[in-house]
>>> print(open('upload-v9.cif').read())   # mmCIF, C-alpha atoms
data_work
#
loop_
_atom_site.label_atom_id
_atom_site.label_comp_id
_atom_site.auth_asym_id
_atom_site.auth_seq_id
_atom_site.Cartn_x
_atom_site.Cartn_y
_atom_site.Cartn_z
CA MET W 1 -17.82 34.97 -32.21
CA TRP W 2 -15.55 31.92 -31.90
CA GLU W 3 -12.03 32.82 -33.02
CA ILE W 4 -9.97 29.70 -32.26
CA PRO W 5 -9.26 28.03 -35.61
CA PHE W 6 -7.92 24.67 -34.41
CA ILE W 7 -10.89 23.52 -32.29
CA THR W 8 -14.62 24.18 -32.55
CA GLU W 9 -16.55 25.80 -29.73
CA GLU W 10 -18.79 22.71 -29.59
CA ASP W 11 -15.81 20.40 -29.00
CA PHE W 12 -14.30 22.84 -26.51
CA GLN W 13 -17.60 22.93 -24.62
CA LEU W 14 -17.87 19.15 -24.65
CA ASN W 15 -14.47 18.78 -22.99
CA ILE W 16 -15.37 21.40 -20.38
CA GLN W 17 -18.74 19.79 -19.63
CA ASN W 18 -17.13 16.37 -19.20
CA THR W 19 -14.66 17.93 -16.78
CA ILE W 20 -17.37 19.67 -14.74
CA ASN W 21 -19.37 16.44 -14.58
CA ALA W 22 -16.28 14.71 -13.23
CA TYR W 23 -16.00 17.43 -10.56
CA TYR W 24 -19.63 16.84 -9.56
CA LYS W 25 -19.11 13.09 -9.52
CA ALA W 26 -16.16 13.56 -7.14
CA ILE W 27 -18.37 15.58 -4.77
CA LYS W 28 -21.11 12.95 -4.89
CA SER W 29 -18.60 10.20 -4.13
CA ILE W 30 -17.75 11.64 -0.69
CA ASP W 31 -19.98 9.93 1.84
CA ILE W 32 -19.35 9.54 5.56
CA ALA W 33 -17.27 6.38 5.11
CA LYS W 34 -14.96 7.97 2.56
CA PHE W 35 -14.88 11.23 4.50
CA ASN W 36 -13.58 9.39 7.57
CA SER W 37 -11.34 6.93 5.70
CA ASN W 38 -8.25 8.81 6.91
CA LEU W 39 -9.66 9.15 10.44
CA ILE W 40 -10.71 12.77 10.85
CA ASP W 41 -9.34 14.34 14.05
CA PRO W 42 -12.22 16.03 15.94
CA ILE W 43 -9.84 17.50 18.53
CA LYS W 44 -7.95 19.38 15.81
CA LEU W 45 -11.29 20.39 14.32
CA ILE W 46 -12.28 22.08 17.61
CA PHE W 47 -8.93 23.91 17.85
CA ASP W 48 -9.25 25.05 14.23
CA MET W 49 -12.82 26.14 14.83
CA LYS W 50 -11.94 28.24 17.89
CA VAL W 51 -8.59 29.66 16.71
CA TYR W 52 -9.73 30.55 13.18
CA ASN W 53 -13.26 31.51 14.27
CA LYS W 54 -14.87 29.10 11.85
CA THR W 55 -18.02 27.05 12.07
CA PRO W 56 -17.74 23.25 12.19
CA GLU W 57 -19.68 23.18 8.94
CA SER W 58 -17.08 25.33 7.16
CA LEU W 59 -14.21 23.19 8.49
CA ILE W 60 -15.90 20.01 7.34
CA ASP W 61 -16.46 21.65 3.97
CA ASP W 62 -12.73 22.45 3.88
CA GLU W 63 -11.88 18.80 4.56
CA ILE W 64 -14.32 17.57 1.92
CA ASN W 65 -12.83 20.01 -0.58
CA ARG W 66 -9.31 18.83 0.30
CA GLN W 67 -10.30 15.22 -0.37
CA VAL W 68 -12.12 16.09 -3.59
CA ASP W 69 -9.19 18.22 -4.75
CA ARG W 70 -6.96 15.16 -5.08
CA THR W 71 -9.44 13.66 -7.54
CA ASN W 72 -9.90 16.96 -9.34
CA SER W 73 -6.16 17.26 -10.00
CA ASN W 74 -6.40 14.07 -12.04
CA THR W 75 -9.54 15.39 -13.73
CA ILE W 76 -7.69 18.50 -14.90
CA GLY W 77 -4.97 16.26 -16.27
CA TYR W 78 -7.59 14.52 -18.41
CA PHE W 79 -9.01 17.89 -19.50
CA ASN W 80 -5.61 19.00 -20.81
CA GLN W 81 -5.01 15.64 -22.45
CA ASN W 82 -8.46 15.39 -24.04
CA MET W 83 -8.19 18.78 -25.73
CA PHE W 84 -6.05 17.02 -28.31
CA LYS W 85 -8.86 14.59 -29.17
CA TYR W 86 -10.40 17.48 -31.08
CA ILE W 87 -7.27 18.87 -32.74
CA LYS W 88 -6.35 17.78 -36.25
CA ASN W 89 -3.55 15.20 -36.61
CA CYS W 90 -3.71 14.32 -32.90
CA GLU W 91 -5.15 11.30 -31.15
CA VAL W 92 -5.64 10.34 -27.50
CA PRO W 93 -5.21 6.58 -27.21
CA LYS W 94 -7.07 4.58 -24.57
CA ASN W 95 -3.75 3.29 -23.25
CA GLY W 96 -0.07 3.77 -23.83
CA PHE W 97 1.01 7.35 -24.46
CA ASP W 98 -1.28 10.26 -23.56
CA VAL W 99 -1.24 11.93 -26.96
CA ILE W 100 0.11 10.98 -30.39
CA TYR W 101 0.69 13.71 -32.97
CA THR W 102 1.43 12.89 -36.62
CA ASN W 103 3.11 15.63 -38.63
CA PRO W 104 0.97 15.94 -41.80
CA ASN W 105 3.96 16.99 -43.93
CA THR W 106 6.55 14.40 -42.89
CA GLY W 107 4.49 11.63 -41.30
CA GLN W 108 6.75 11.74 -38.25
CA LYS W 109 5.02 10.80 -35.01
CA ILE W 110 5.46 12.45 -31.63
CA TYR W 111 4.53 10.33 -28.61
CA VAL W 112 3.59 12.40 -25.58
CA GLU W 113 3.52 11.79 -21.87
CA MET W 114 1.67 14.72 -20.30
CA LYS W 115 2.08 15.97 -16.74
CA ASN W 116 0.20 18.77 -15.00
CA LYS W 117 3.23 20.07 -13.11
CA HIS W 118 6.96 19.82 -13.62
CA ASN W 119 7.53 18.44 -10.12
CA THR W 120 4.92 15.66 -9.99
CA MET W 121 7.27 12.80 -10.89
CA ASN W 122 9.65 11.19 -8.44
CA SER W 123 12.86 9.57 -9.71
CA ASP W 124 11.25 6.14 -10.11
CA SER W 125 8.30 7.38 -12.16
CA ALA W 126 10.58 9.61 -14.27
CA ASN W 127 12.83 6.61 -14.91
CA ASN W 128 9.80 4.56 -16.02
CA VAL W 129 8.68 7.30 -18.41
CA TYR W 130 12.17 7.74 -19.86
CA ASN W 131 12.58 4.00 -20.43
CA LYS W 132 9.14 3.85 -22.03
CA MET W 133 10.27 6.52 -24.47
CA LEU W 134 13.57 4.75 -25.19
CA ASN W 135 11.69 1.54 -25.95
CA LYS W 136 9.35 3.39 -28.30
CA LEU W 137 12.30 4.90 -30.18
CA LYS W 138 13.91 1.48 -30.56
CA LYS W 139 10.77 0.35 -32.39
CA GLU W 140 10.30 3.64 -34.27
CA PRO W 141 13.71 5.34 -34.70
CA ASP W 142 12.24 8.20 -36.75
CA ALA W 143 9.75 9.18 -34.05
CA LYS W 144 10.12 11.66 -31.21
CA CYS W 145 8.97 11.44 -27.59
CA TYR W 146 7.94 14.45 -25.53
CA LEU W 147 7.38 14.96 -21.84
CA VAL W 148 4.83 17.77 -22.04
CA GLU W 149 4.31 19.81 -18.87
CA VAL W 150 1.33 22.12 -18.41
CA ILE W 151 2.91 23.95 -15.47
CA ALA W 152 6.56 23.98 -16.50
CA ARG W 153 9.37 26.06 -15.02
CA LYS W 154 9.54 28.03 -18.26
CA SER W 155 8.47 27.96 -21.90
CA GLN W 156 10.75 25.33 -23.38
CA ASN W 157 11.41 22.67 -25.98
CA GLU W 158 14.70 21.08 -25.06
CA VAL W 159 16.43 17.72 -24.82
CA TRP W 160 15.42 15.85 -21.68
CA THR W 161 18.59 14.62 -20.01
CA PHE W 162 17.83 12.05 -17.35
CA SER W 163 20.42 10.27 -15.18
CA ARG W 164 23.14 11.36 -17.61
CA ASN W 165 21.22 9.79 -20.51
CA THR W 166 20.72 12.04 -23.50
CA ASN W 167 18.73 11.35 -26.64
CA GLU W 168 17.96 14.21 -29.02
CA SER W 169 14.56 12.64 -29.82
CA ILE W 170 13.43 12.68 -26.17
CA ARG W 171 12.45 16.20 -25.22
CA ARG W 172 10.95 18.18 -22.35
CA VAL W 173 8.35 20.58 -23.69
CA SER W 174 6.05 23.14 -22.08
CA ILE W 175 2.46 22.90 -23.25
CA ASP W 176 2.55 26.26 -25.06
CA ARG W 177 5.36 24.95 -27.30
CA PHE W 178 3.48 21.71 -27.93
CA TYR W 179 0.33 23.59 -28.98
CA TYR W 180 2.51 25.66 -31.29
CA GLU W 181 3.96 22.52 -32.85
CA VAL W 182 0.61 20.82 -33.52
CA THR W 183 -1.36 23.91 -34.60
CA GLY W 184 1.28 26.15 -36.16
CA ILE W 185 -0.07 29.04 -34.06
CA LYS W 186 2.47 30.53 -31.67
CA ASN W 187 -0.04 31.75 -29.07
CA ALA W 188 -2.46 28.81 -29.42
CA PHE W 189 -2.30 27.91 -25.74
CA LYS W 190 -2.98 31.51 -24.72
CA MET W 191 -6.04 31.48 -26.96
CA ILE W 192 -7.33 28.49 -24.97
CA CYS W 193 -6.67 30.24 -21.65
CA ASP W 194 -8.33 33.48 -22.80
CA VAL W 195 -11.70 31.87 -23.56
CA LEU W 196 -11.66 29.30 -20.77
CA PRO W 197 -13.34 31.36 -17.97
CA LYS W 198 -16.30 32.39 -20.13
CA GLU W 199 -16.73 28.90 -21.58
CA ILE W 200 -16.73 27.34 -18.08
CA ASP W 201 -19.47 29.79 -17.02
CA ILE W 202 -21.56 28.75 -20.03
CA ALA W 203 -21.09 25.06 -19.26
CA ILE W 204 -21.90 25.41 -15.54
CA LYS W 205 -25.19 27.20 -16.31
CA LYS W 206 -26.20 24.34 -18.59
CA ILE W 207 -25.19 21.58 -16.20
CA ARG W 208 -26.63 23.11 -13.03
CA ALA W 209 -30.03 23.23 -14.68
CA VAL W 210 -30.15 19.44 -14.54
CA ASP W 211 -27.58 18.35 -11.98
CA ASN W 212 -26.54 20.25 -8.88
CA PRO W 213 -24.74 17.82 -6.56
CA ASP W 214 -25.71 17.54 -2.91
CA ASN W 215 -23.25 17.13 -0.08
CA LEU W 216 -23.90 13.74 1.50
CA VAL W 217 -21.65 14.09 4.53
CA PHE W 218 -23.72 16.59 6.54
CA GLY W 219 -26.87 14.51 6.23
CA GLU W 220 -25.08 11.40 7.42
CA LEU W 221 -23.42 13.29 10.30
CA ASN W 222 -26.85 14.58 11.32
CA GLU W 223 -28.07 10.97 11.53
CA ILE W 224 -25.27 10.23 14.01
CA ASN W 225 -26.08 13.34 16.06
CA PRO W 226 -27.71 16.69 15.18
CA ASP W 227 -24.83 18.42 17.01
CA ILE W 228 -22.01 18.26 14.45
CA ILE W 229 -19.23 18.43 17.05
CA LYS W 230 -20.75 15.53 18.97
CA ALA W 231 -21.24 13.66 15.71
CA MET W 232 -17.55 14.11 14.86
CA PHE W 233 -16.50 12.78 18.28
CA LEU W 234 -18.82 9.81 17.90
CA LEU W 235 -17.53 9.13 14.41
CA ALA W 236 -13.89 9.15 15.50
CA PHE W 237 -14.21 7.61 18.97
CA ARG W 238 -17.26 5.35 18.69
CA THR W 239 -15.34 2.34 20.09
CA TYR W 240 -13.70 4.31 22.93
CA GLU W 241 -14.77 4.02 26.56
CA GLY W 242 -17.47 6.50 27.54
CA PHE W 243 -18.60 7.41 24.02
CA SER W 244 -22.05 6.41 22.87
CA ASN W 245 -24.60 7.62 20.36
CA ASN W 246 -26.64 9.70 22.80
#
>>> encode(input="upload-v9.cif", output="structure tokens")
Amino acid sequence: MWEIPFITEEDFQLNIQNTINAYYKAIKSIDIAKFNSNLIDPIKLIFDMKVYNKTPESLIDDEINRQVDRTNSNTIGYFNQNMFKYIKNCEVPKNGFDVIYTNPNTGQKIYVEMKNKHNTMNSDSANNVYNKMLNKLKKEPDAKCYLVEVIARKSQNEVWTFSRNTNESIRRVSIDRFYYEVTGIKNAFKMICDVLPKEIDIAIKKIRAVDNPDNLVFGELNEINPDIIKAMFLLAFRTYEGFSNN
């Protein structure tokens, strides 16, 4: 029985399925050209293989997963953001701020920039976000602006002081506090986390029935040479003296 009152199970599933499809798309996007775009080091691969007692296939899988993981971090950011598409009084604009919440009682708007982790912004990007919020408040003095962090240092809703600038309407908020504000339920974020594993399992079973992505890299390496180690050397050193595709 579905017990989360602020989002339907159908909408929750839709967001999860879109996220899983994005994961699969990231896997499909890794072909031999993209795999080698940062120039894979076959000498390191051999050391890793021997020292860690791994197969070349597992090490290549590790590298593919590392490359895909960068894309998936952005995908999870969209998952967290898009949850609010389905929550009353919230919208997710196509551009501008990540989420806009309108308080149904006062009409006050909260403009949100959402980050996955508290340490993902350097000083330049933080400065850009802070100035964006200041500009919004100049146009809408009664509004508030939140930097919402999914992985924050602590549960918080406090003034964001940046470079000695302080504005009571610009705040740094952990995602649990933001869920509380928009739903009125103190443990709303925990409710999401509690059902997430089971709902992902349900979505994966549905999606795998029609779309199980294949790894393109091994097939393309096999075309270079059936011996994966030789294929890796040929891929990295194909223009070097003494290397040829035989």
>>> atom_distance(input="upload-v9.cif", atom1="CA of Val182 (chain W)", atom2="CA of Ala203 (chain W)")
26.3 Å
>>> atom_distance(input="upload-v9.cif", atom1="CA of Pro104 (chain W)", atom2="CA of Glu168 (chain W)")
21.3 Å
>>> residues_around(input="upload-v9.cif", residues="region 41-55 of chain W", least_positions_apart="6", cutoff="9 Å", atoms="only C-alpha atoms", output="list in words")
Ile229, Met232, Phe233, Leu235 and Ala236 of chain W
>>> write_last_selection(input="upload-v9.cif", atoms="C-alpha atoms", output="compact mmCIF listing (two decimals), keeping the file's coordinate frame")
# COMPACT_ATOMS: atom_id res chain seq x y z
CA ILE W 229 -19.23 18.43 17.05
CA MET W 232 -17.55 14.11 14.86
CA PHE W 233 -16.50 12.78 18.28
CA LEU W 235 -17.53 9.13 14.41
CA ALA W 236 -13.89 9.15 15.50
>>> resolve_selection(input="upload-v9.cif", expression="the PyMOL selection byres ((chain W and resi 5-19) around 12)", output="count of residues only")
58
>>> residues_near_point(input="upload-v9.cif", point="(9.1, 30.0, -20.2)", cutoff="12 Å", atoms="all atoms listed in the file", output="PyMOL selection string")
chain W and resi 149-158+173-177
>>> closest_residue(input="upload-v9.cif", among="W:Gln108, W:Asn135, W:Asn127, W:Asn225", to="Trp160 (chain W)", atoms="all atoms listed in the file")
W:Asn127
>>> atom_distance(input="upload-v9.cif", atom1="CA of Ile228 (chain W)", atom2="CA of Ser58 (chain W)")
11.3 Å
>>> residues_around(input="upload-v9.cif", residues="Ala126 (chain W)", least_positions_apart="5", cutoff="10 Å", atoms="all atoms listed in the file", output="number ranges by chain")
W: 120-121, 131-132, 147, 162-163
>>> resolve_selection(input="upload-v9.cif", expression="the PyMOL selection byres ((chain W and resi 63) around 12)", output="ChimeraX atom specification")
/W:27,30,32,34-42,44-45,48,56-62,64-70,217
>>> resolve_selection(input="upload-v9.cif", expression="the PyMOL selection byres ((chain W and resi 110) around 6)", output="ChimeraX atom specification")
/W:100-101,109,111,143-145
>>> closest_residue(input="upload-v9.cif", among="W:Glu181, W:Asn128, W:Asp31, W:Asp98", to="Phe218 (chain W)", atoms="all atoms listed in the file")
W:Asp31
>>> axis_aligned_box(input="upload-v9.cif", around="region 1-16 of chain W", padding_each_side="8 Å", output="JSON")
{"center_x": -13.4, "center_y": 26.9, "center_z": -28.0, "size_x": 26.9, "size_y": 32.2, "size_z": 31.2}
